[in-house]
$ cat entry38.txt   # compact mmCIF, C-alpha atoms and all ligand atoms
# COMPACT_ATOMS: atom_id res chain seq x y z
CA MET A 7 -22.17 -19.09 -19.78
CA PRO A 8 -22.99 -22.59 -18.43
CA PHE A 9 -22.35 -21.48 -14.84
CA ASN A 10 -22.77 -17.86 -13.81
CA ILE A 11 -23.23 -15.99 -10.53
CA ILE A 12 -25.08 -12.66 -10.38
CA THR A 13 -26.66 -10.47 -7.71
CA GLY A 14 -30.25 -9.32 -8.14
CA ASP A 15 -33.95 -10.16 -7.89
CA ILE A 16 -34.68 -13.59 -9.38
CA THR A 17 -38.22 -12.52 -10.34
CA LYS A 18 -36.64 -10.18 -12.89
CA VAL A 19 -34.45 -12.87 -14.46
CA THR A 20 -35.37 -14.11 -17.93
CA ALA A 21 -34.68 -17.84 -18.08
CA ASP A 22 -36.59 -20.91 -19.23
CA ALA A 23 -37.15 -21.63 -15.54
CA ILE A 24 -36.53 -19.93 -12.22
CA VAL A 25 -36.40 -22.01 -9.06
CA ASN A 26 -38.50 -21.13 -6.03
CA ALA A 27 -37.32 -21.90 -2.48
CA ALA A 28 -40.78 -23.00 -1.37
CA ASN A 29 -42.24 -24.78 1.65
CA SER A 30 -43.84 -28.21 1.53
CA SER A 31 -47.38 -26.82 1.08
CA LEU A 32 -46.35 -24.97 -2.13
CA LEU A 33 -48.95 -22.39 -1.18
CA GLY A 34 -46.58 -19.43 -0.91
CA GLY A 35 -44.77 -17.79 1.99
CA GLY A 36 -42.19 -15.07 2.62
CA GLY A 37 -38.73 -14.55 1.16
CA VAL A 38 -38.16 -15.51 -2.45
CA ASP A 39 -41.34 -17.66 -2.35
CA GLY A 40 -43.41 -14.59 -1.58
CA ALA A 41 -41.59 -12.49 -4.19
CA ILE A 42 -42.15 -15.10 -6.92
CA HIS A 43 -45.85 -15.49 -6.12
CA ARG A 44 -46.36 -11.73 -6.07
CA ALA A 45 -44.61 -11.29 -9.41
CA ALA A 46 -46.28 -14.31 -11.06
CA GLY A 47 -49.80 -13.39 -10.03
CA SER A 48 -52.73 -15.50 -8.82
CA GLY A 49 -52.45 -18.05 -11.63
CA LEU A 50 -49.33 -19.50 -10.00
CA LEU A 51 -51.06 -20.17 -6.68
CA ALA A 52 -54.03 -21.69 -8.46
CA GLU A 53 -51.74 -24.18 -10.25
CA CYS A 54 -49.75 -24.86 -7.06
CA ARG A 55 -52.99 -25.81 -5.33
CA THR A 56 -53.32 -28.73 -7.78
CA LEU A 57 -49.87 -30.16 -6.98
CA GLY A 58 -50.58 -31.63 -3.57
CA GLY A 59 -47.49 -30.16 -1.91
CA CYS A 60 -43.85 -31.22 -2.25
CA LYS A 61 -41.42 -33.18 -0.05
CA THR A 62 -38.15 -31.67 1.17
CA GLY A 63 -35.41 -32.25 -1.41
CA GLU A 64 -37.91 -32.81 -4.22
CA ALA A 65 -39.12 -30.44 -6.97
CA LYS A 66 -42.30 -29.74 -8.96
CA ILE A 67 -42.82 -27.53 -12.03
CA THR A 68 -45.52 -25.02 -12.97
CA GLY A 69 -46.00 -22.26 -15.54
CA GLY A 70 -44.35 -18.86 -15.05
CA TYR A 71 -47.53 -16.80 -15.54
CA ASP A 72 -46.68 -13.06 -15.25
CA LEU A 73 -42.98 -13.77 -14.68
CA PRO A 74 -40.47 -13.31 -17.54
CA SER A 75 -39.56 -17.00 -17.20
CA LYS A 76 -41.61 -19.78 -18.83
CA HIS A 77 -41.61 -22.05 -15.80
CA VAL A 78 -41.23 -22.00 -12.03
CA ILE A 79 -39.61 -25.03 -10.44
CA HIS A 80 -40.65 -25.25 -6.80
CA THR A 81 -38.30 -27.08 -4.48
CA VAL A 82 -38.32 -27.41 -0.71
CA GLY A 83 -35.01 -26.96 1.06
CA PRO A 84 -34.14 -28.39 4.49
CA VAL A 85 -34.41 -26.32 7.64
CA TRP A 86 -30.91 -25.98 9.14
CA GLN A 87 -30.68 -27.92 12.41
CA GLY A 88 -26.95 -27.80 12.96
CA GLY A 89 -25.91 -29.95 10.03
CA THR A 90 -26.29 -33.40 11.56
CA ASN A 91 -29.75 -34.25 10.24
CA GLY A 92 -28.97 -34.89 6.59
CA GLU A 93 -29.40 -31.22 5.65
CA ARG A 94 -26.52 -31.29 3.17
CA GLU A 95 -27.92 -34.31 1.27
CA LEU A 96 -31.42 -32.81 1.18
CA LEU A 97 -30.17 -29.44 -0.06
CA TYR A 98 -27.99 -31.16 -2.70
CA SER A 99 -31.08 -33.07 -3.78
CA CYS A 100 -33.03 -29.80 -4.23
CA TYR A 101 -30.55 -28.66 -6.89
CA LYS A 102 -30.25 -32.06 -8.54
CA SER A 103 -34.02 -32.70 -8.75
CA SER A 104 -34.66 -29.14 -9.98
CA LEU A 105 -32.00 -29.47 -12.70
CA GLU A 106 -33.28 -32.90 -13.78
CA LEU A 107 -36.86 -31.54 -13.92
CA ALA A 108 -35.66 -28.58 -15.99
CA LYS A 109 -33.89 -30.95 -18.38
CA GLN A 110 -37.00 -33.18 -18.69
CA ASN A 111 -39.01 -30.07 -19.60
CA GLY A 112 -36.55 -28.95 -22.29
CA CYS A 113 -35.25 -25.95 -20.35
CA GLU A 114 -31.94 -24.57 -21.68
CA SER A 115 -31.51 -22.01 -18.90
CA VAL A 116 -32.31 -22.11 -15.18
CA ALA A 117 -31.85 -19.57 -12.38
CA PHE A 118 -31.55 -20.54 -8.69
CA PRO A 119 -31.76 -18.51 -5.49
CA LEU A 120 -29.53 -19.68 -2.66
CA ILE A 121 -32.00 -22.28 -1.34
CA SER A 122 -32.50 -22.61 2.45
CA SER A 123 -30.07 -19.76 3.20
CA GLY A 124 -32.78 -17.34 4.37
CA ILE A 125 -35.69 -18.23 6.66
CA TYR A 126 -34.53 -21.86 6.82
CA GLY A 127 -31.26 -20.71 8.36
CA TYR A 128 -28.72 -22.70 6.32
CA PRO A 129 -25.34 -20.92 6.76
CA LYS A 130 -24.79 -19.02 3.53
CA ASP A 131 -21.21 -20.17 2.92
CA LYS A 132 -22.21 -23.82 3.37
CA ALA A 133 -25.33 -23.32 1.23
CA LEU A 134 -23.17 -21.83 -1.51
CA GLN A 135 -20.75 -24.76 -1.50
CA VAL A 136 -23.62 -27.26 -1.80
CA ALA A 137 -25.19 -25.27 -4.63
CA VAL A 138 -21.92 -24.97 -6.59
CA SER A 139 -20.97 -28.63 -6.20
CA ALA A 140 -24.42 -29.85 -7.28
CA ILE A 141 -24.48 -27.52 -10.29
CA GLU A 142 -20.87 -28.41 -11.20
CA GLU A 143 -21.68 -32.12 -11.14
CA PHE A 144 -24.75 -31.63 -13.35
CA LEU A 145 -22.88 -29.47 -15.88
CA ALA A 146 -20.12 -32.06 -16.22
CA ASP A 147 -22.64 -34.20 -18.13
CA ASN A 148 -25.20 -31.71 -19.43
CA ASP A 149 -25.39 -28.58 -21.59
CA MET A 150 -27.47 -25.94 -19.81
CA ASP A 151 -27.02 -22.33 -18.64
CA VAL A 152 -27.33 -22.28 -14.85
CA THR A 153 -27.27 -18.97 -12.97
CA LEU A 154 -27.05 -18.54 -9.22
CA VAL A 155 -28.91 -15.33 -8.31
CA LEU A 156 -27.83 -13.84 -4.97
CA PHE A 157 -30.17 -11.28 -3.50
CA SER A 158 -27.21 -9.42 -2.12
CA LYS A 159 -23.42 -9.72 -2.26
CA SER A 160 -23.47 -10.25 1.53
CA ALA A 161 -24.89 -13.71 0.83
CA PHE A 162 -21.62 -14.60 -0.85
CA HIS A 163 -18.68 -15.99 1.09
CA ILE A 164 -15.73 -17.94 -0.25
CA ASP A 165 -13.37 -19.78 2.11
CA GLY A 166 -12.00 -17.05 4.42
CA ARG A 167 -8.39 -18.25 4.26
CA LEU A 168 -8.51 -18.41 0.48
CA PHE A 169 -9.99 -14.91 0.36
CA GLU A 170 -7.23 -13.62 2.64
CA GLY A 171 -4.59 -15.45 0.63
CA ILE A 172 -5.73 -13.90 -2.64
CA ASN A 173 -6.14 -10.48 -1.02
CA ASP A 174 -2.61 -10.64 0.36
CA TYR A 175 -1.22 -11.78 -2.99
CA LEU A 176 -3.04 -8.95 -4.80
CA GLY A 177 -1.75 -6.45 -2.25
CA ARG A 178 1.82 -7.40 -3.04
CA ASN A 179 1.61 -7.99 -6.78
CA LEU A 180 -1.12 -5.80 -8.22
CA ALA A 181 0.91 -3.44 -10.37
CA LYS A 182 -0.16 0.15 -10.59
CA PRO A 183 -0.79 0.78 -14.29
CA ILE A 184 2.05 2.96 -15.59
CA SER A 185 0.45 6.14 -16.90
CA PRO A 186 1.73 6.89 -20.41
CA PRO A 187 4.57 9.47 -20.32
CA LYS A 188 3.09 12.97 -20.57
CA LYS A 189 5.51 14.84 -22.84
CA HIS A 190 7.41 12.16 -24.62
CA GLY A 191 6.03 9.52 -26.92
CA LEU A 192 6.85 5.87 -26.46
CA PHE A 193 10.20 6.48 -28.10
CA GLY A 194 10.98 9.11 -25.51
CA ALA A 195 10.01 6.68 -22.78
CA LEU A 196 12.33 4.06 -24.19
CA ARG A 197 15.09 6.68 -23.98
CA GLY A 198 14.30 6.89 -20.26
CA LYS A 199 12.65 10.33 -20.42
CA SER A 200 9.23 9.07 -19.27
CA ALA A 201 7.63 10.42 -16.11
CA ALA A 202 7.47 6.96 -14.61
CA PRO A 203 10.94 5.41 -14.95
CA LEU A 204 10.57 2.10 -16.80
CA GLY A 205 10.79 -0.89 -14.49
CA SER A 206 9.17 1.17 -11.75
CA VAL A 207 6.66 -1.66 -11.40
CA ARG A 208 8.37 -4.40 -9.38
CA GLN A 209 8.35 -7.50 -11.50
CA GLU A 210 8.76 -10.46 -9.16
CA SER A 211 10.43 -13.46 -10.63
CA ASN A 212 8.35 -16.54 -11.17
CA ASP A 213 10.14 -18.22 -8.27
CA GLU A 214 9.37 -15.38 -5.86
CA ILE A 215 5.66 -15.41 -6.83
CA CYS A 216 5.57 -19.18 -6.43
CA GLU A 217 7.20 -18.96 -3.02
CA GLU A 218 4.62 -16.43 -1.82
CA ALA A 219 1.70 -18.38 -3.19
CA ALA A 220 3.01 -21.61 -1.66
CA GLN A 221 3.08 -19.97 1.79
CA VAL A 222 -0.44 -18.68 1.33
CA PHE A 223 -1.84 -21.97 0.13
CA ASP A 224 -0.09 -23.91 2.90
CA MET A 225 -1.77 -21.51 5.31
CA ALA A 226 -5.09 -21.98 3.64
CA ALA A 227 -4.45 -25.73 3.94
CA GLN A 228 -5.76 -26.05 0.44
CA PRO A 229 -5.39 -29.66 -0.82
CA MET A 230 -3.18 -28.42 -3.64
CA GLU A 231 0.30 -29.56 -4.49
CA MET A 232 2.50 -26.76 -5.77
CA LYS A 233 2.86 -27.04 -9.50
CA SER A 234 6.40 -26.45 -10.69
CA CYS A 235 6.73 -22.82 -11.66
CA ARG A 236 9.91 -23.26 -13.51
CA ALA A 237 9.61 -22.59 -17.20
CA GLU A 238 8.78 -25.69 -19.18
CA PRO A 239 11.66 -27.15 -21.21
CA ALA A 240 12.14 -25.13 -24.36
CA GLN A 241 9.85 -26.13 -27.23
CA SER A 242 11.45 -28.20 -29.96
CA LEU A 243 12.17 -26.14 -33.07
CA ASP A 244 9.52 -28.11 -34.93
CA ASP A 245 6.90 -27.37 -32.26
CA PHE A 246 7.97 -23.75 -32.15
CA LEU A 247 7.64 -23.31 -35.93
CA LYS A 248 4.30 -25.17 -35.89
CA SER A 249 2.88 -23.12 -33.05
CA ARG A 250 4.12 -19.81 -34.50
CA ASP A 251 1.87 -20.12 -37.57
CA GLU A 252 -1.22 -21.46 -35.81
CA SER A 253 -4.31 -19.36 -35.17
CA PHE A 254 -5.96 -19.35 -31.73
CA SER A 255 -8.50 -21.90 -32.88
CA GLN A 256 -5.87 -24.20 -34.42
CA LEU A 257 -3.66 -24.07 -31.32
CA LEU A 258 -6.65 -24.65 -29.02
CA LEU A 259 -7.88 -27.68 -30.97
CA ARG A 260 -4.35 -29.14 -31.07
CA LEU A 261 -3.96 -28.66 -27.30
CA ILE A 262 -7.33 -30.31 -26.68
CA ASP A 263 -6.28 -33.29 -28.82
CA GLU A 264 -2.93 -33.52 -27.02
CA SER A 265 -4.68 -33.34 -23.63
CA GLY A 266 -6.64 -36.50 -24.37
CA MET A 267 -9.92 -34.73 -23.55
CA THR A 268 -12.87 -34.84 -25.91
CA ASP A 269 -14.15 -31.51 -27.25
CA VAL A 270 -17.19 -31.84 -24.98
CA GLN A 271 -15.06 -32.43 -21.87
CA ALA A 272 -12.85 -29.48 -22.78
CA TYR A 273 -15.58 -26.90 -23.32
CA ARG A 274 -17.51 -28.05 -20.25
CA LYS A 275 -14.34 -27.79 -18.11
CA ALA A 276 -13.88 -24.31 -19.56
CA ASN A 277 -17.41 -23.18 -18.64
CA ILE A 278 -18.01 -22.54 -22.35
CA ASP A 279 -21.31 -23.33 -24.00
CA ARG A 280 -21.62 -25.78 -26.88
CA LYS A 281 -22.72 -23.14 -29.41
CA LEU A 282 -19.66 -20.97 -28.80
CA PHE A 283 -17.33 -23.94 -29.02
CA SER A 284 -18.75 -24.96 -32.39
CA LYS A 285 -18.10 -21.40 -33.63
CA ILE A 286 -14.46 -21.62 -32.51
CA ARG A 287 -14.09 -25.07 -34.08
CA SER A 288 -15.58 -24.00 -37.43
CA ASP A 289 -13.78 -20.64 -37.81
CA VAL A 290 -9.99 -20.95 -38.01
CA ASN A 291 -9.67 -17.19 -37.48
CA TYR A 292 -12.17 -16.95 -34.64
CA LYS A 293 -11.21 -14.14 -32.19
CA PRO A 294 -12.36 -15.10 -28.67
CA LYS A 295 -12.95 -12.82 -25.70
CA LYS A 296 -10.10 -12.79 -23.18
CA GLN A 297 -12.35 -14.57 -20.62
CA THR A 298 -12.91 -17.36 -23.15
CA ALA A 299 -9.21 -17.82 -23.91
CA LEU A 300 -8.38 -17.79 -20.19
CA ALA A 301 -11.12 -20.34 -19.48
CA PHE A 302 -9.57 -22.78 -21.96
CA ALA A 303 -6.13 -22.25 -20.45
CA ILE A 304 -7.66 -23.36 -17.13
CA ALA A 305 -9.52 -26.30 -18.67
CA LEU A 306 -6.28 -27.46 -20.31
CA GLN A 307 -4.34 -26.87 -17.08
CA LEU A 308 -1.72 -24.80 -18.89
CA ASP A 309 1.15 -23.29 -16.92
CA LEU A 310 1.83 -19.57 -17.01
CA ALA A 311 4.04 -19.58 -20.12
CA GLN A 312 1.63 -21.80 -22.06
CA THR A 313 -1.29 -19.61 -20.93
CA GLN A 314 0.46 -16.51 -22.23
CA ASP A 315 1.11 -18.31 -25.56
CA LEU A 316 -2.56 -19.22 -25.94
CA LEU A 317 -3.72 -15.71 -25.00
CA ALA A 318 -1.19 -14.16 -27.39
CA LYS A 319 -2.81 -16.08 -30.29
CA ALA A 320 -5.93 -14.03 -29.60
CA GLY A 321 -4.03 -10.79 -29.04
CA TYR A 322 -4.19 -10.78 -25.23
CA LYS A 323 -1.77 -11.19 -22.33
CA LEU A 324 -2.09 -11.56 -18.58
CA SER A 325 -1.47 -8.22 -16.92
CA ASP A 326 -0.35 -7.67 -13.33
CA SER A 327 -2.29 -4.42 -13.29
CA LEU A 328 -5.62 -6.21 -13.80
CA LYS A 329 -7.04 -7.76 -10.62
CA GLY A 330 -8.92 -10.47 -12.51
CA ASP A 331 -5.81 -11.51 -14.44
CA LEU A 332 -3.76 -11.64 -11.26
CA ILE A 333 -6.35 -13.80 -9.50
CA VAL A 334 -6.28 -16.32 -12.38
CA LYS A 335 -2.46 -16.18 -12.31
CA TYR A 336 -2.57 -16.94 -8.57
CA PHE A 337 -4.55 -20.13 -9.20
CA ILE A 338 -2.37 -21.21 -12.16
CA LEU A 339 0.78 -20.83 -10.06
CA ASN A 340 -0.78 -23.18 -7.56
CA GLY A 341 -2.05 -25.77 -9.97
CA GLN A 342 -5.66 -25.07 -8.93
CA TYR A 343 -7.66 -25.50 -12.13
CA ASP A 344 -11.24 -25.88 -10.91
CA ILE A 345 -12.98 -23.14 -12.86
CA PHE A 346 -15.89 -23.14 -10.39
CA VAL A 347 -13.51 -22.29 -7.54
CA ILE A 348 -11.75 -19.66 -9.64
CA ASN A 349 -15.04 -18.08 -10.70
CA GLN A 350 -16.23 -17.86 -7.10
CA ALA A 351 -13.00 -16.07 -6.22
CA LEU A 352 -13.41 -13.72 -9.20
CA PHE A 353 -16.99 -13.00 -8.12
CA ALA A 354 -15.86 -12.37 -4.55
CA PHE A 355 -13.45 -9.74 -5.87
CA ASP A 356 -16.05 -8.20 -8.20
CA GLN A 357 -14.24 -9.39 -11.33
CA SER A 358 -15.77 -10.88 -14.50
CA LEU A 359 -16.09 -14.65 -14.42
CA ILE A 360 -14.17 -16.70 -16.99
CA GLY A 361 -15.93 -18.85 -19.57
CA CYS A 362 -18.66 -17.72 -21.92
N1 LIG B 401 -34.35 -12.94 -5.56
C1 LIG B 401 -33.28 -13.72 -5.28
N2 LIG B 401 -33.01 -14.19 -4.05
C2 LIG B 401 -33.88 -13.85 -3.05
C3 LIG B 401 -35.02 -13.03 -3.28
C4 LIG B 401 -35.24 -12.57 -4.60
N3 LIG B 401 -36.27 -11.80 -4.92
N4 LIG B 401 -35.66 -12.87 -2.08
C5 LIG B 401 -34.93 -13.55 -1.17
N5 LIG B 401 -33.86 -14.13 -1.75
C6 LIG B 401 -32.81 -14.94 -1.14
C7 LIG B 401 -32.60 -14.78 0.34
O1 LIG B 401 -31.77 -13.64 0.59
C8 LIG B 401 -31.88 -16.08 0.65
O2 LIG B 401 -30.48 -15.94 0.40
O3 LIG B 401 -33.18 -16.29 -1.30
C9 LIG B 401 -32.48 -17.07 -0.35
C10 LIG B 401 -33.45 -18.07 0.29
O4 LIG B 401 -34.17 -17.39 1.33
P1 LIG B 401 -35.74 -17.69 1.60
O5 LIG B 401 -36.55 -17.07 0.54
O6 LIG B 401 -35.99 -17.26 3.00
O7 LIG B 401 -35.91 -19.27 1.46
P2 LIG B 401 -35.47 -20.42 2.45
O8 LIG B 401 -34.36 -20.01 3.34
O9 LIG B 401 -35.28 -21.60 1.56
O10 LIG B 401 -36.75 -20.62 3.36
C11 LIG B 401 -37.91 -21.14 2.75
O11 LIG B 401 -39.22 -19.33 3.50
O12 LIG B 401 -40.31 -17.98 2.04
C12 LIG B 401 -40.48 -19.03 2.91
O13 LIG B 401 -42.29 -20.30 1.98
C13 LIG B 401 -40.89 -20.27 2.15
O14 LIG B 401 -41.28 -21.50 4.16
C14 LIG B 401 -40.37 -21.32 3.07
C15 LIG B 401 -39.09 -20.73 3.60

$ encode --input "entry38.txt" --output "structure tokens"
Amino acid sequence: MPFNIITGDITKVTADAIVNAANSSLLGGGGVDGAIHRAAGSGLLAECRTLGGCKTGEAKITGGYDLPSKHVIHTVGPVWQGGTNGERELLYSCYKSSLELAKQNGCESVAFPLISSGIYGYPKDKALQVAVSAIEEFLADNDMDVTLVLFSKSAFHIDGRLFEGINDYLGRNLAKPISPPKKHGLFGALRGKSAAPLGSVRQESNDEICEEAAQVFDMAAQPMEMKSCRAEPAQSLDDFLKSRDESFSQLLLRLIDESGMTDVQAYRKANIDRKLFSKIRSDVNYKPKKQTALAFAIALQLDLAQTQDLLAKAGYKLSDSLKGDLIVKYFILNGQYDIFVINQALFAFDQSLIGC
């Protein structure tokens, strides 16, 4: 997946390069710097000694030695001094210079810690936003797998109002899965003999859901204009007949063409890697994962009905009893189609990210 977020120890990550949050001497220290040097062994320090240090915001590359990764990219983050001394630009530059250096060295995968958010005191939520925006900008023009490795989930904060908004929406819309009727088969259930009377899960109308979400997003002062939730005008008969016979791959490629995006723009917006996209393009009967199909619905900015159509081509549907589905639905209803924002929300709620 071009952009992924995981929790764990970066010294255990297998990637072409892992990034070290170093200090300007490059001669080791505490935190992730200490962990990387310990895991890499003395060869790393010996090579670092030859580099002559590193300026804040810049990056230098060495071998990985005893680490599972081939390279270590050492970058020096800014010390947080309140945010008025160019810290954001310097931190942004750490990610950009590390990614450019990885690209120059032919790396196809890179793992980052949350630079400056430990000993250097950069507030973790601000550090996360800088990291995500720098990585997002790089991936808009480059094919690479970039993973953000958080030492602990506590390092992860999305915008508090957005978190509350989603939490509130889930609280009121997350359907309890209806347990299958005990004694009667489906037929019995249809005759109304099931333990859980059908319709026991409150199905809000589209308008009601939109109304709720609009209130939440107003509160969260998100710069989002409400996208109309009303069903799109009915398809023409010709479109309907055409779409009925299409496979997932055929429908997807047609929607990409109609969107005016190039294939590359579409798969990058969907957080899908180039190899997977070429599989989908070359196999008319390709069966994607649900996360992949959902990611393309977001990249294409489909509304709810169109999203369900695309998912149905792959045998899936959005379910109100699945937290991850409901979170994606929440963003679609609000016309928020930035997959990096959606994936941070999914991560915050311990759900699988979309893309692949
Ligand atoms: N794997 C992943 N992340 C880690 C690990 C690890 N093994 N160890 C620590 N982290 C996380 C921290 O929790 C923090 O969120 O890395 C982030 C960066 O923290 P620091 O390592 O303290 O780095 P930084 O804040 O950039 O300070 C750099 O600390 O280690 C010294 O020599 C280094 O002087 C430099 C300063």

$ residues_around --input "entry38.txt" --residues "A:Lys335" --least-positions-apart "3" --cutoff "8 Å" --atoms "all atoms listed in the file" --output "ChimeraX atom specification"
/A:310,324,331-332,338-339

$ write_last_selection --input "entry38.txt" --atoms "C-alpha atoms" --output "compact mmCIF listing (two decimals), keeping the file's coordinate frame"
# COMPACT_ATOMS: atom_id res chain seq x y z
CA LEU A 310 1.83 -19.57 -17.01
CA LEU A 324 -2.09 -11.56 -18.58
CA ASP A 331 -5.81 -11.51 -14.44
CA LEU A 332 -3.76 -11.64 -11.26
CA ILE A 338 -2.37 -21.21 -12.16
CA LEU A 339 0.78 -20.83 -10.06

$ axis_aligned_box --input "entry38.txt" --around "ligand LIG 401 (chain B)" --padding-each-side "6 Å" --output "lines of an AutoDock Vina configuration file"
center_x = -36.4
center_y = -16.7
center_z = -0.7
size_x = 23.8
size_y = 21.8
size_z = 21.7

$ closest_atom_pairs --input "entry38.txt" --of "chain A" --to "ligand LIG 401 (chain B)" --cutoff "7 Å" --atoms "only C-alpha atoms and all ligand atoms" --output "CSV"
residue,atom,partner,partner_atom,distance
A:Gly14,CA,B:LIG401,N1,6.0
A:Asp15,CA,B:LIG401,N1,3.6
A:Ile16,CA,B:LIG401,N1,3.9
A:Thr17,CA,B:LIG401,N3,5.8
A:Ala27,CA,B:LIG401,O9,4.5
A:Ala28,CA,B:LIG401,C13,4.5
A:Asn29,CA,B:LIG401,C14,4.2
A:Gly34,CA,B:LIG401,O13,5.2
A:Gly35,CA,B:LIG401,O13,3.5
A:Gly36,CA,B:LIG401,O12,3.5
A:Gly37,CA,B:LIG401,O5,3.4
A:Val38,CA,B:LIG401,N4,3.7
A:Asp39,CA,B:LIG401,O12,4.5
A:Gly40,CA,B:LIG401,O12,5.8
A:Ala41,CA,B:LIG401,N3,5.4
A:Val82,CA,B:LIG401,O9,6.9
A:Gly83,CA,B:LIG401,O9,5.4
A:Pro119,CA,B:LIG401,N2,4.7
A:Leu120,CA,B:LIG401,C9,4.6
A:Ile121,CA,B:LIG401,O9,4.4
A:Ser122,CA,B:LIG401,O9,3.1
A:Ser123,CA,B:LIG401,O8,4.3
A:Gly124,CA,B:LIG401,O8,3.3
A:Ile125,CA,B:LIG401,O6,3.8
A:Tyr126,CA,B:LIG401,O8,3.9
A:Gly127,CA,B:LIG401,O8,5.9
A:Tyr128,CA,B:LIG401,O8,6.9
A:Val155,CA,B:LIG401,C1,5.6
A:Leu156,CA,B:LIG401,N2,5.3
A:Phe157,CA,B:LIG401,N2,4.1
A:Ser158,CA,B:LIG401,O1,6.8
A:Ala161,CA,B:LIG401,O2,6.0

$ residues_near_point --input "entry38.txt" --point "(-23.7, -22.3, -27.9)" --cutoff "10 Å" --atoms "only C-alpha atoms" --output "ChimeraX atom specification"
/A:7-8,149-151,278-285,362

$ residues_around --input "entry38.txt" --residues "A:Val19" --least-positions-apart "3" --cutoff "12 Å" --atoms "only C-alpha atoms" --output "ChimeraX atom specification"
/A:12-16,22-25,42,45,70,73-78,115-119,152-157

$ write_last_selection --input "entry38.txt" --atoms "C-alpha atoms" --output "compact mmCIF listing (two decimals), keeping the file's coordinate frame"
# COMPACT_ATOMS: atom_id res chain seq x y z
CA ILE A 12 -25.08 -12.66 -10.38
CA THR A 13 -26.66 -10.47 -7.71
CA GLY A 14 -30.25 -9.32 -8.14
CA ASP A 15 -33.95 -10.16 -7.89
CA ILE A 16 -34.68 -13.59 -9.38
CA ASP A 22 -36.59 -20.91 -19.23
CA ALA A 23 -37.15 -21.63 -15.54
CA ILE A 24 -36.53 -19.93 -12.22
CA VAL A 25 -36.40 -22.01 -9.06
CA ILE A 42 -42.15 -15.10 -6.92
CA ALA A 45 -44.61 -11.29 -9.41
CA GLY A 70 -44.35 -18.86 -15.05
CA LEU A 73 -42.98 -13.77 -14.68
CA PRO A 74 -40.47 -13.31 -17.54
CA SER A 75 -39.56 -17.00 -17.20
CA LYS A 76 -41.61 -19.78 -18.83
CA HIS A 77 -41.61 -22.05 -15.80
CA VAL A 78 -41.23 -22.00 -12.03
CA SER A 115 -31.51 -22.01 -18.90
CA VAL A 116 -32.31 -22.11 -15.18
CA ALA A 117 -31.85 -19.57 -12.38
CA PHE A 118 -31.55 -20.54 -8.69
CA PRO A 119 -31.76 -18.51 -5.49
CA VAL A 152 -27.33 -22.28 -14.85
CA THR A 153 -27.27 -18.97 -12.97
CA LEU A 154 -27.05 -18.54 -9.22
CA VAL A 155 -28.91 -15.33 -8.31
CA LEU A 156 -27.83 -13.84 -4.97
CA PHE A 157 -30.17 -11.28 -3.50

$ residues_around --input "entry38.txt" --residues "stretch 255-269 of chain A" --least-positions-apart "5" --cutoff "12 Å" --atoms "only C-alpha atoms" --output "NGL selection string"
:A and (245-246 or 248-250 or 274-276 or 278-280 or 282-294 or 298-308 or 312-313 or 315-320)

$ atom_distance --input "entry38.txt" --atom1 "atom CA of A:Leu97" --atom2 "atom CA of A:Ala133"
7.9 Å

$ atom_distance --input "entry38.txt" --atom1 "atom CA of A:Ala311" --atom2 "atom CA of A:Phe9"
27.0 Å

$ residues_around --input "entry38.txt" --residues "A:Gly330" --least-positions-apart "6" --cutoff "8 Å" --atoms "all atoms listed in the file" --output "list in words"
Leu352, Gln357 and Ser358 of chain A

$ write_last_selection --input "entry38.txt" --atoms "C-alpha atoms" --output "mmCIF file, in the coordinates of the input"
data_model
loop_
_atom_site.group_PDB
_atom_site.id
_atom_site.type_symbol
_atom_site.label_atom_id
_atom_site.label_comp_id
_atom_site.auth_asym_id
_atom_site.auth_seq_id
_atom_site.Cartn_x
_atom_site.Cartn_y
_atom_site.Cartn_z
ATOM 1 C CA LEU A 352 -13.410 -13.720 -9.200
ATOM 2 C CA GLN A 357 -14.240 -9.390 -11.330
ATOM 3 C CA SER A 358 -15.770 -10.880 -14.500
#

$ residues_around --input "entry38.txt" --residues "A:Asp356" --least-positions-apart "5" --cutoff "10 Å" --atoms "only C-alpha atoms" --output "list in words"
Lys159, Lys329, Gly330, Gln350 and Ala351 of chain A

$ atom_distance --input "entry38.txt" --atom1 "atom CA of A:Leu105" --atom2 "atom CA of A:Gly63"
12.1 Å

$ closest_residue --input "entry38.txt" --among "A:Leu134, A:Ala146, A:Ala52, A:Ile79" --to "A:Arg94" --atoms "all atoms listed in the file"
A:Leu134
